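The file protein.cif comes next; it holds mmCIF, C-alpha atoms and all ligand atoms.
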```cif
data_input
loop_
_atom_site.label_atom_id
_atom_site.label_comp_id
_atom_site.auth_asym_id
_atom_site.auth_seq_id
_atom_site.Cartn_x
_atom_site.Cartn_y
_atom_site.Cartn_z
CA MET A 1 0.00 0.00 0.00
CA LEU A 2 1.21 3.47 -0.91
CA PRO A 3 1.06 5.41 2.37
CA VAL A 4 -0.62 8.78 2.55
CA LEU A 5 -1.18 11.46 5.17
CA VAL A 6 -3.60 14.39 4.82
CA ILE A 7 -3.94 17.13 7.39
CA HIS A 8 -5.85 20.35 7.97
CA GLY A 9 -5.19 23.41 10.09
CA GLY A 10 -8.81 24.49 10.38
CA ALA A 11 -11.62 25.88 8.26
CA GLY A 12 -12.98 29.40 8.37
CA HIS A 13 -11.66 32.78 7.38
CA ILE A 14 -7.91 33.06 7.76
CA PRO A 15 -6.83 36.73 8.03
CA LYS A 16 -4.30 37.84 5.40
CA GLU A 17 -1.52 38.32 7.92
CA ARG A 18 -1.89 34.71 9.12
CA VAL A 19 -2.13 32.97 5.74
CA GLU A 20 1.59 32.17 5.48
CA LEU A 21 1.78 30.99 9.10
CA SER A 22 -1.21 28.73 8.66
CA SER A 23 -0.02 27.34 5.36
CA SER A 24 3.61 26.72 6.34
CA GLY A 25 2.56 24.99 9.57
CA VAL A 26 0.45 22.38 7.81
CA ARG A 27 3.15 21.73 5.24
CA SER A 28 5.71 21.20 7.97
CA ALA A 29 3.43 18.94 10.04
CA ALA A 30 2.51 16.95 6.94
CA ARG A 31 6.22 16.31 6.34
CA GLY A 32 6.62 15.29 9.99
CA GLY A 33 3.71 12.86 9.92
CA TYR A 34 4.67 11.46 6.54
CA ALA A 35 8.23 10.79 7.75
CA VAL A 36 6.68 8.42 10.29
CA LEU A 37 4.91 6.54 7.49
CA GLN A 38 8.05 6.49 5.35
CA GLY A 39 9.92 4.98 8.27
CA GLY A 40 7.40 2.14 8.36
CA GLY A 41 5.42 3.64 11.26
CA SER A 42 1.71 3.07 11.72
CA ALA A 43 -1.07 5.35 10.52
CA MET A 44 -1.90 6.00 14.19
CA ASP A 45 1.69 7.07 14.98
CA ALA A 46 1.69 9.33 11.91
CA VAL A 47 -1.58 11.16 12.69
CA VAL A 48 -0.60 11.65 16.33
CA GLU A 49 2.80 13.04 15.26
CA ALA A 50 1.26 15.45 12.74
CA VAL A 51 -1.41 16.67 15.17
CA THR A 52 1.13 17.01 18.00
CA GLN A 53 3.21 19.29 15.76
CA LEU A 54 0.14 21.40 15.00
CA GLU A 55 -0.81 21.57 18.70
CA ASN A 56 2.70 22.84 19.44
CA ASN A 57 2.38 25.51 16.75
CA PRO A 58 0.70 28.65 18.17
CA ALA A 59 -0.82 29.45 14.76
CA TYR A 60 -3.66 26.98 15.31
CA ASN A 61 -6.64 26.61 17.57
CA ALA A 62 -5.33 23.51 19.36
CA GLY A 63 -2.89 23.03 22.21
CA CYS A 64 -0.85 26.27 22.40
CA GLY A 65 -2.94 28.83 20.50
CA SER A 66 -6.31 27.45 21.57
CA VAL A 67 -9.19 29.91 21.59
CA LEU A 68 -10.49 30.95 25.00
CA ASN A 69 -13.83 30.14 26.58
CA VAL A 70 -16.13 32.84 27.89
CA LYS A 71 -14.11 33.04 31.10
CA GLY A 72 -10.85 33.49 29.21
CA GLU A 73 -9.67 29.94 29.93
CA VAL A 74 -8.40 27.09 27.76
CA GLU A 75 -10.46 23.90 27.52
CA MET A 76 -9.47 21.48 24.78
CA ASP A 77 -11.00 18.46 23.02
CA ALA A 78 -9.19 15.74 21.05
CA ILE A 79 -9.85 12.34 19.49
CA VAL A 80 -7.97 9.48 17.85
CA MET A 81 -9.39 6.42 16.10
CA ASP A 82 -7.76 3.25 14.81
CA GLY A 83 -9.45 1.87 11.71
CA LYS A 84 -8.16 -1.67 12.19
CA THR A 85 -9.91 -2.34 15.51
CA LEU A 86 -12.30 0.66 15.66
CA ALA A 87 -10.59 1.50 18.95
CA CYS A 88 -11.07 5.14 19.83
CA GLY A 89 -9.91 7.51 22.55
CA ALA A 90 -10.99 11.06 23.30
CA VAL A 91 -10.73 13.81 25.87
CA SER A 92 -13.01 16.79 26.32
CA ALA A 93 -12.75 20.08 28.20
CA VAL A 94 -9.25 19.12 29.30
CA ARG A 95 -6.95 21.78 30.76
CA ASN A 96 -3.26 22.35 31.45
CA ILE A 97 -1.69 19.85 29.07
CA ALA A 98 0.30 20.62 25.93
CA ASN A 99 -0.88 17.76 23.76
CA PRO A 100 -4.48 16.61 24.16
CA VAL A 101 -4.11 14.29 21.16
CA GLN A 102 -1.53 12.26 23.07
CA LEU A 103 -3.84 12.04 26.07
CA ALA A 104 -6.64 10.86 23.75
CA ARG A 105 -4.33 8.12 22.55
CA LEU A 106 -3.62 7.10 26.14
CA VAL A 107 -7.37 6.90 26.78
CA MET A 108 -7.58 4.53 23.81
CA ASP A 109 -4.54 2.46 24.76
CA LYS A 110 -4.81 2.36 28.55
CA THR A 111 -8.50 2.46 29.48
CA SER A 112 -11.66 0.58 28.57
CA HIS A 113 -13.43 3.87 27.91
CA LEU A 114 -13.76 6.08 24.84
CA CYS A 115 -13.80 9.54 26.35
CA LEU A 116 -12.65 11.18 29.59
CA THR A 117 -13.69 14.71 30.41
CA ALA A 118 -12.55 17.78 32.39
CA GLY A 119 -11.28 16.92 35.90
CA GLY A 120 -11.35 13.17 35.22
CA ALA A 121 -9.21 13.64 32.13
CA SER A 122 -6.72 15.74 34.14
CA GLN A 123 -6.59 13.09 36.87
CA PHE A 124 -5.91 10.43 34.23
CA ALA A 125 -3.21 12.61 32.68
CA ARG A 126 -1.47 12.90 36.05
CA ALA A 127 -1.74 9.13 36.60
CA MET A 128 -0.12 8.58 33.17
CA GLY A 129 2.73 10.95 34.02
CA VAL A 130 1.68 13.57 31.45
CA PRO A 131 3.31 16.84 32.51
CA GLU A 132 0.98 19.60 33.66
CA VAL A 133 1.66 22.96 31.98
CA PRO A 134 0.56 26.40 33.17
CA GLU A 135 -2.53 27.67 31.37
CA GLU A 136 -0.59 30.81 30.42
CA SER A 137 1.76 28.71 28.29
CA LEU A 138 -1.20 27.71 26.09
CA ILE A 139 -2.54 31.25 25.64
CA THR A 140 -1.21 33.45 22.86
CA ASP A 141 -1.60 37.23 22.63
CA TYR A 142 -3.68 36.65 19.52
CA ALA A 143 -6.10 34.34 21.36
CA ARG A 144 -6.45 36.84 24.20
CA MET A 145 -7.02 39.72 21.78
CA ARG A 146 -9.76 37.80 19.96
CA TRP A 147 -11.39 36.81 23.25
CA LYS A 148 -11.56 40.42 24.40
CA LYS A 149 -12.82 41.59 21.01
CA ASN A 150 -15.59 39.01 20.96
CA LEU A 151 -16.74 39.89 24.48
CA ALA A 152 -17.44 43.44 23.34
CA PRO A 153 -21.16 44.26 23.13
CA ASP A 154 -20.89 44.99 19.39
CA ALA A 155 -19.10 41.71 18.61
CA ASN A 156 -20.32 39.95 15.49
CA PRO A 157 -21.73 36.52 16.47
CA VAL A 158 -20.92 35.14 13.02
CA GLU A 159 -17.29 36.14 13.46
CA SER A 160 -17.26 34.52 16.85
CA GLN A 161 -18.90 31.30 15.66
CA MET A 162 -17.57 30.89 12.14
CA GLY A 163 -14.52 33.13 12.29
CA LYS A 164 -10.92 32.14 12.28
CA MET A 165 -11.32 28.54 13.33
CA GLY A 166 -8.20 26.48 13.46
CA THR A 167 -9.06 23.03 14.70
CA VAL A 168 -6.37 20.66 13.46
CA GLY A 169 -6.60 17.10 12.24
CA ALA A 170 -5.05 14.32 10.22
CA VAL A 171 -5.95 11.09 8.45
CA ALA A 172 -3.48 8.49 7.21
CA VAL A 173 -3.12 5.11 5.56
CA ASP A 174 0.09 3.19 6.30
CA VAL A 175 2.04 0.62 4.25
CA GLU A 176 0.00 -2.19 5.79
CA GLY A 177 -3.27 -0.56 4.77
CA ASN A 178 -4.19 0.44 8.29
CA ILE A 179 -6.09 3.70 8.59
CA ALA A 180 -6.29 6.24 11.44
CA CYS A 181 -7.55 9.71 12.22
CA ALA A 182 -6.79 12.34 14.87
CA THR A 183 -8.36 15.74 15.59
CA SER A 184 -7.59 18.35 18.24
CA THR A 185 -9.11 21.73 19.10
CA GLY A 186 -9.54 24.52 21.60
CA GLY A 187 -13.17 24.58 20.45
CA MET A 188 -15.25 27.66 19.71
CA LEU A 189 -14.26 31.15 20.76
CA ASN A 190 -16.15 32.34 23.88
CA LYS A 191 -17.82 28.96 24.34
CA MET A 192 -19.51 28.27 27.65
CA GLU A 193 -17.38 26.62 30.27
CA GLY A 194 -17.80 22.85 29.98
CA ARG A 195 -18.95 22.97 26.35
CA VAL A 196 -17.98 19.77 24.52
CA GLY A 197 -17.74 20.04 20.75
CA ASP A 198 -17.66 17.58 17.90
CA THR A 199 -13.97 16.85 18.24
CA ALA A 200 -14.36 14.63 21.29
CA CYS A 201 -17.33 12.73 19.82
CA ILE A 202 -16.78 9.60 17.75
CA GLY A 203 -18.36 9.82 14.30
CA CYS A 204 -18.47 13.61 14.55
CA GLY A 205 -14.92 14.86 15.16
CA GLY A 206 -13.40 11.87 13.40
CA TYR A 207 -13.93 8.32 12.27
CA ALA A 208 -11.61 5.64 10.87
CA ASP A 209 -12.51 2.22 9.53
CA ASN A 210 -10.07 0.07 7.55
CA MET A 211 -13.03 -1.25 5.52
CA VAL A 212 -13.90 2.24 4.24
CA GLY A 213 -11.55 5.13 5.08
CA ALA A 214 -11.15 7.95 7.56
CA VAL A 215 -12.20 11.55 8.10
CA SER A 216 -11.03 14.45 10.28
CA PRO A 217 -13.31 17.49 10.16
CA THR A 218 -13.11 21.14 11.17
CA GLY A 219 -15.84 23.72 11.46
CA HIS A 220 -18.79 24.62 13.62
CA GLY A 221 -18.88 21.79 16.14
CA GLU A 222 -22.59 21.92 16.90
CA ALA A 223 -23.42 21.65 13.19
CA ILE A 224 -20.90 18.82 12.72
CA MET A 225 -22.52 16.92 15.59
CA LYS A 226 -26.06 17.36 14.26
CA VAL A 227 -25.14 15.55 11.02
CA THR A 228 -22.41 13.25 12.51
CA LEU A 229 -20.25 14.58 9.69
CA SER A 230 -17.38 12.08 9.74
CA ARG A 231 -19.56 8.99 9.81
CA LEU A 232 -21.89 10.52 7.22
CA ILE A 233 -18.96 10.82 4.81
CA LEU A 234 -17.98 7.18 5.36
CA PHE A 235 -21.63 6.23 4.80
CA HIS A 236 -21.56 7.91 1.40
CA MET A 237 -18.28 6.12 0.62
CA GLU A 238 -19.88 2.81 1.59
CA GLN A 239 -22.59 3.62 -0.96
CA GLY A 240 -19.91 3.88 -3.66
CA GLN A 241 -19.02 7.57 -3.61
CA SER A 242 -15.39 8.68 -3.92
CA ALA A 243 -13.69 10.32 -0.94
CA GLU A 244 -14.11 13.69 -2.67
CA ALA A 245 -17.76 13.27 -3.67
CA ALA A 246 -18.69 11.84 -0.25
CA SER A 247 -17.02 14.79 1.48
CA ASP A 248 -18.82 17.31 -0.74
CA LEU A 249 -22.19 15.58 -0.27
CA ALA A 250 -21.89 15.55 3.52
CA LEU A 251 -20.66 19.16 3.70
CA ALA A 252 -23.60 20.18 1.50
CA THR A 253 -25.99 18.35 3.83
CA MET A 254 -24.48 20.15 6.83
CA LYS A 255 -24.97 23.49 5.07
CA SER A 256 -28.51 22.88 3.84
CA ARG A 257 -29.89 21.11 6.93
CA VAL A 258 -28.29 23.06 9.76
CA GLY A 259 -26.56 26.02 8.13
CA GLY A 260 -23.12 24.77 9.16
CA LEU A 261 -19.85 25.45 7.38
CA GLY A 262 -16.62 23.52 7.72
CA GLY A 263 -14.09 21.31 6.04
CA VAL A 264 -12.68 17.81 6.06
CA VAL A 265 -9.70 15.70 5.11
CA THR A 266 -10.70 12.24 3.94
CA VAL A 267 -8.93 9.06 2.78
CA ASP A 268 -10.29 5.84 1.39
CA ARG A 269 -8.84 2.37 1.89
CA GLN A 270 -6.88 2.59 -1.38
CA GLY A 271 -5.13 5.75 -0.22
CA ARG A 272 -7.13 8.10 -2.43
CA TRP A 273 -7.66 11.34 -0.59
CA ALA A 274 -9.61 14.59 -0.51
CA ALA A 275 -9.36 17.96 1.26
CA ARG A 276 -12.73 19.72 0.89
CA PHE A 277 -14.40 22.67 2.56
CA SER A 278 -17.56 24.79 2.45
CA SER A 279 -16.03 27.60 4.52
CA ARG A 280 -14.10 30.44 2.88
CA GLN A 281 -10.75 28.80 3.48
CA MET A 282 -9.06 25.77 5.00
CA SER A 283 -5.32 25.24 5.22
CA TRP A 284 -4.51 21.67 4.23
CA ALA A 285 -1.63 19.50 3.05
CA ALA A 286 -1.33 15.95 1.76
CA ALA A 287 1.84 13.87 1.50
CA GLN A 288 2.06 10.85 -0.79
CA LYS A 289 4.71 9.37 -3.05
CA ASP A 290 7.35 11.97 -2.14
CA THR A 291 5.02 14.77 -3.18
CA LEU A 292 3.44 17.42 -0.99
CA HIS A 293 0.09 18.82 -2.10
CA HIS A 294 -1.30 21.87 -0.34
CA GLY A 295 -3.79 24.71 -0.53
CA LEU A 296 -5.84 27.19 1.41
CA ASN A 297 -8.34 28.96 -0.85
CA ALA A 298 -11.10 27.23 -2.82
CA GLY A 299 -9.75 25.55 -5.94
CA GLU A 300 -6.12 26.02 -4.89
CA HIS A 301 -3.86 22.97 -5.30
CA PHE A 302 -0.11 23.46 -5.17
CA ILE A 303 2.32 20.60 -5.62
CA GLN A 304 5.94 20.45 -4.47
CA SER A 305 8.55 17.89 -3.55
CA ILE A 306 8.26 16.54 -0.01
CA ASP A 307 11.95 17.50 0.47
CA ASP A 308 11.33 21.14 -0.45
CA PRO A 309 11.57 22.89 2.94
CA HIS A 310 9.31 25.84 1.89
N1 LIG B 1 -14.90 21.88 15.45
C1 LIG B 1 -14.37 22.32 16.67
C2 LIG B 1 -15.36 22.72 17.64
O1 LIG B 1 -16.41 23.20 17.28
O2 LIG B 1 -15.13 22.58 18.81
#
```
File written out as structure tokens:
Amino acid sequence: MLPVLVIHGGAGHIPKERVELSSSGVRSAARGGYAVLQGGGSAMDAVVEAVTQLENNPAYNAGCGSVLNVKGEVEMDAIVMDGKTLACGAVSAVRNIANPVQLARLVMDKTSHLCLTAGGASQFARAMGVPEVPEESLITDYARMRWKKNLAPDANPVESQMGKMGTVGAVAVDVEGNIACATSTGGMLNKMEGRVGDTACIGCGGYADNMVGAVSPTGHGEAIMKVTLSRLILFHMEQGQSAEAASDLALATMKSRVGGLGGVVTVDRQGRWAARFSSRQMSWAAAQKDTLHHGLNAGEHFIQSIDDPH
């Protein structure tokens, strides 16, 4: 099997001054995740590596750079899923850790549960020896500025809900044909404390099944949950649609039924892939066969060598 890794850095409207940051970060993380596959690593290892790199990059709404809840605090959601066994692990409303995606993987590997939340997730992190980090280390000036701006009485609710989202995610197929997905987010700007979005929910914030393919979405979490976006895409693929057509169909359903915008990265079991979005923009990159594909605006598709550092 020809391995492939596809990642996104979030759907929405990316301000001009952040376009290069957003685009270079996904290209770099795609290279990092793909190196795992090239070294014979598993799809799960590759998606966790790529998403970890994006969580560590303050340009995205995940890990360091997460948007703030209404109280100005960081609460993060993440999920991983293994398409071979349908094993899944997730965390929601977790605080004070750098890499929620790694904690989600520990939930999958070390517990009999699918999702741990808030204080329970933190307790589990401590038990697993995951280092606690100060909340301040996860908050960027940009996140704080946006939080303040969106608390103002004249704030635009559309901007706050559908604005500069930057949930991150990855899907991959490895040389053995195993498939995995991972997604991580700080959620929605000014969300209520304790709000759990799509990212922590199986079938919504991700799904992987070796028999069909995998999806990692980004966008308005409540809308994604209403249509179980990831599983809906796999359903369309089971009905014979390509990864691209299935992604477009499901995104169109989300728009027409619940007015939701977003984007997805999708792979099928043959390693064919798609990066599709109904939002204005989505930064994405795909690595396969020593080639890096990437884009950000609708219809954009750049191709470069995987070794090209730019
Ligand atoms: N899609 C990320 C969120 O709504 O939390």
Selection as a PyMOL selection string: residues within 6 Å of ligand LIG 1 (chain B) by only C-alpha atoms and all ligand atoms: chain A and resi 167+185+187-188+197-199+218-221
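Comparing A:Met225, A:Cys115, A:Ala43, A:Ala59 by their smallest distance to A:Ser92, the closest is A:Cys115 (using only C-alpha atoms).
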Residue neighbourhood stretch 95-106 of chain A, 10 Å, only C-alpha atoms, exclusion window fewer than 6 positions, as an MDAnalysis selection string: chainID A and resid 44:45 47:49 51:56 62:64 73:82 87:89 114:119 121:122 124:126 128 130:138 169 182:186 200
Length of the atom CA of A:Arg257 to atom CA of A:Ala274 vector [Å]: 22.6 Å
Contacts of A:Gly9 within 9 Å, only C-alpha atoms, excl. fewer than 5 positions in-chain, as a ChimeraX atom specification: /A:22-23,25-26,54,59-61,165-169,218,282-285
Could you take the residues named above and write them with C-alpha atoms, as an mmCIF file, keeping the file's coordinate frame?
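That gives us part-v1.cif:
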```cif
data_model
loop_
_atom_site.group_PDB
_atom_site.id
_atom_site.type_symbol
_atom_site.label_atom_id
_atom_site.label_comp_id
_atom_site.auth_asym_id
_atom_site.auth_seq_id
_atom_site.Cartn_x
_atom_site.Cartn_y
_atom_site.Cartn_z
ATOM 1 C CA SER A 22 -1.210 28.730 8.660
ATOM 2 C CA SER A 23 -0.020 27.340 5.360
ATOM 3 C CA GLY A 25 2.560 24.990 9.570
ATOM 4 C CA VAL A 26 0.450 22.380 7.810
ATOM 5 C CA LEU A 54 0.140 21.400 15.000
ATOM 6 C CA ALA A 59 -0.820 29.450 14.760
ATOM 7 C CA TYR A 60 -3.660 26.980 15.310
ATOM 8 C CA ASN A 61 -6.640 26.610 17.570
ATOM 9 C CA MET A 165 -11.320 28.540 13.330
ATOM 10 C CA GLY A 166 -8.200 26.480 13.460
ATOM 11 C CA THR A 167 -9.060 23.030 14.700
ATOM 12 C CA VAL A 168 -6.370 20.660 13.460
ATOM 13 C CA GLY A 169 -6.600 17.100 12.240
ATOM 14 C CA THR A 218 -13.110 21.140 11.170
ATOM 15 C CA MET A 282 -9.060 25.770 5.000
ATOM 16 C CA SER A 283 -5.320 25.240 5.220
ATOM 17 C CA TRP A 284 -4.510 21.670 4.230
ATOM 18 C CA ALA A 285 -1.630 19.500 3.050
#
```
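Here atom CA of A:Leu151 and atom CA of A:Asn190 stand 7.6 Å from one another.
Here atom CA of A:Asn297 and atom CA of A:Arg31 stand 20.6 Å from one another.
Each of A:Gln281, A:Ser242, A:Asn178, A:Ser305 was checked against A:Gly12 using only C-alpha atoms; the smallest atom-to-atom distance is that of A:Gln281.
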Which residue of A:Val258, A:Ala170, A:Ala286, A:Leu86 approaches A:Ala208 most closely, using only C-alpha atoms: A:Leu86
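The smallest atom-to-atom distance between A:Ser279 and any of A:Ala29, A:Met145, A:Leu5, A:Ala11, using all atoms listed in the file, is found for A:Ala11.
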Shortest interatomic distance to A:Leu251 - which of A:Ser28, A:Ser278, A:Gln239, A:Ser230, counting all atoms listed in the file: A:Ser278
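Checking A:Val6, A:Val19, A:Gly120, A:Phe302 one by one against A:Trp273, counting only C-alpha atoms, you find the shortest gap at A:Val6.
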Protein/DNA/RNA residues near (-6.8, 7.2, 8.3), cut 6 Å, all atoms listed in the file, as a PyMOL selection string: chain A and resi 171-173+179-181+208+214
Which residues are near A:Ser42? Cut-off 8 Å, all atoms listed in the file, ignore same chain within fewer than 4 positions. Put them as an mmCIF file with C-alpha atoms, keeping the file's coordinate frame.
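Once everything was written out, this is part_15.cif:
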```
data_model
loop_
_atom_site.group_PDB
_atom_site.id
_atom_site.type_symbol
_atom_site.label_atom_id
_atom_site.label_comp_id
_atom_site.auth_asym_id
_atom_site.auth_seq_id
_atom_site.Cartn_x
_atom_site.Cartn_y
_atom_site.Cartn_z
ATOM 1 C CA VAL A 36 6.680 8.420 10.290
ATOM 2 C CA LEU A 37 4.910 6.540 7.490
ATOM 3 C CA ALA A 46 1.690 9.330 11.910
ATOM 4 C CA ASP A 174 0.090 3.190 6.300
ATOM 5 C CA VAL A 175 2.040 0.620 4.250
ATOM 6 C CA ASN A 178 -4.190 0.440 8.290
#
```
Please fill the gaps in stretch 222-239 of chain A so it has N, CA, C and O atoms, and write that as an mmCIF file, keeping the file's coordinate frame.
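So selection.cif came out as:
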```cif
data_model
loop_
_atom_site.group_PDB
_atom_site.id
_atom_site.type_symbol
_atom_site.label_atom_id
_atom_site.label_comp_id
_atom_site.auth_asym_id
_atom_site.auth_seq_id
_atom_site.Cartn_x
_atom_site.Cartn_y
_atom_site.Cartn_z
ATOM 1 N N GLU A 222 -21.200 22.299 16.668
ATOM 2 C CA GLU A 222 -22.590 21.920 16.900
ATOM 3 C C GLU A 222 -23.230 21.427 15.600
ATOM 4 O O GLU A 222 -24.000 20.463 15.598
ATOM 5 N N ALA A 223 -22.886 22.078 14.487
ATOM 6 C CA ALA A 223 -23.420 21.650 13.190
ATOM 7 C C ALA A 223 -22.846 20.279 12.814
ATOM 8 O O ALA A 223 -23.569 19.393 12.333
ATOM 9 N N ILE A 224 -21.547 20.099 13.041
ATOM 10 C CA ILE A 224 -20.900 18.820 12.720
ATOM 11 C C ILE A 224 -21.570 17.680 13.487
ATOM 12 O O ILE A 224 -21.825 16.594 12.961
ATOM 13 N N MET A 225 -21.899 17.961 14.763
ATOM 14 C CA MET A 225 -22.520 16.920 15.590
ATOM 15 C C MET A 225 -23.931 16.588 15.105
ATOM 16 O O MET A 225 -24.348 15.436 15.128
ATOM 17 N N LYS A 226 -24.667 17.609 14.678
ATOM 18 C CA LYS A 226 -26.060 17.360 14.260
ATOM 19 C C LYS A 226 -26.115 16.405 13.070
ATOM 20 O O LYS A 226 -27.082 15.665 12.925
ATOM 21 N N VAL A 227 -25.091 16.443 12.199
ATOM 22 C CA VAL A 227 -25.140 15.550 11.020
ATOM 23 C C VAL A 227 -24.117 14.409 11.137
ATOM 24 O O VAL A 227 -23.929 13.667 10.185
ATOM 25 N N THR A 228 -23.486 14.251 12.316
ATOM 26 C CA THR A 228 -22.410 13.250 12.510
ATOM 27 C C THR A 228 -21.523 13.210 11.241
ATOM 28 O O THR A 228 -21.410 12.190 10.555
ATOM 29 N N LEU A 229 -20.894 14.339 10.988
ATOM 30 C CA LEU A 229 -20.250 14.580 9.690
ATOM 31 C C LEU A 229 -19.269 13.488 9.251
ATOM 32 O O LEU A 229 -19.297 13.046 8.096
ATOM 33 N N SER A 230 -18.412 13.036 10.161
ATOM 34 C CA SER A 230 -17.380 12.080 9.740
ATOM 35 C C SER A 230 -17.999 10.749 9.324
ATOM 36 O O SER A 230 -17.646 10.170 8.283
ATOM 37 N N ARG A 231 -18.933 10.280 10.139
ATOM 38 C CA ARG A 231 -19.560 8.990 9.810
ATOM 39 C C ARG A 231 -20.449 9.115 8.581
ATOM 40 O O ARG A 231 -20.583 8.162 7.800
ATOM 41 N N LEU A 232 -21.042 10.301 8.405
ATOM 42 C CA LEU A 232 -21.890 10.520 7.220
ATOM 43 C C LEU A 232 -21.052 10.401 5.939
ATOM 44 O O LEU A 232 -21.492 9.814 4.945
ATOM 45 N N ILE A 233 -19.835 10.925 5.990
ATOM 46 C CA ILE A 233 -18.960 10.820 4.810
ATOM 47 C C ILE A 233 -18.617 9.357 4.529
ATOM 48 O O ILE A 233 -18.679 8.891 3.385
ATOM 49 N N LEU A 234 -18.293 8.609 5.590
ATOM 50 C CA LEU A 234 -17.980 7.180 5.360
ATOM 51 C C LEU A 234 -19.216 6.446 4.848
ATOM 52 O O LEU A 234 -19.098 5.522 4.029
ATOM 53 N N PHE A 235 -20.405 6.843 5.315
ATOM 54 C CA PHE A 235 -21.630 6.230 4.800
ATOM 55 C C PHE A 235 -21.724 6.425 3.288
ATOM 56 O O PHE A 235 -21.976 5.474 2.533
ATOM 57 N N HIS A 236 -21.489 7.649 2.841
ATOM 58 C CA HIS A 236 -21.560 7.910 1.400
ATOM 59 C C HIS A 236 -20.488 7.091 0.658
ATOM 60 O O HIS A 236 -20.733 6.607 -0.457
ATOM 61 N N MET A 237 -19.328 6.933 1.268
ATOM 62 C CA MET A 237 -18.280 6.120 0.620
ATOM 63 C C MET A 237 -18.709 4.650 0.560
ATOM 64 O O MET A 237 -18.460 3.955 -0.435
ATOM 65 N N GLU A 238 -19.372 4.194 1.606
ATOM 66 C CA GLU A 238 -19.880 2.810 1.590
ATOM 67 C C GLU A 238 -20.902 2.607 0.473
ATOM 68 O O GLU A 238 -21.057 1.504 -0.062
ATOM 69 N N GLN A 239 -21.583 3.698 0.124
ATOM 70 C CA GLN A 239 -22.590 3.620 -0.960
ATOM 71 C C GLN A 239 -21.934 3.784 -2.336
ATOM 72 O O GLN A 239 -22.625 3.898 -3.341
#
```
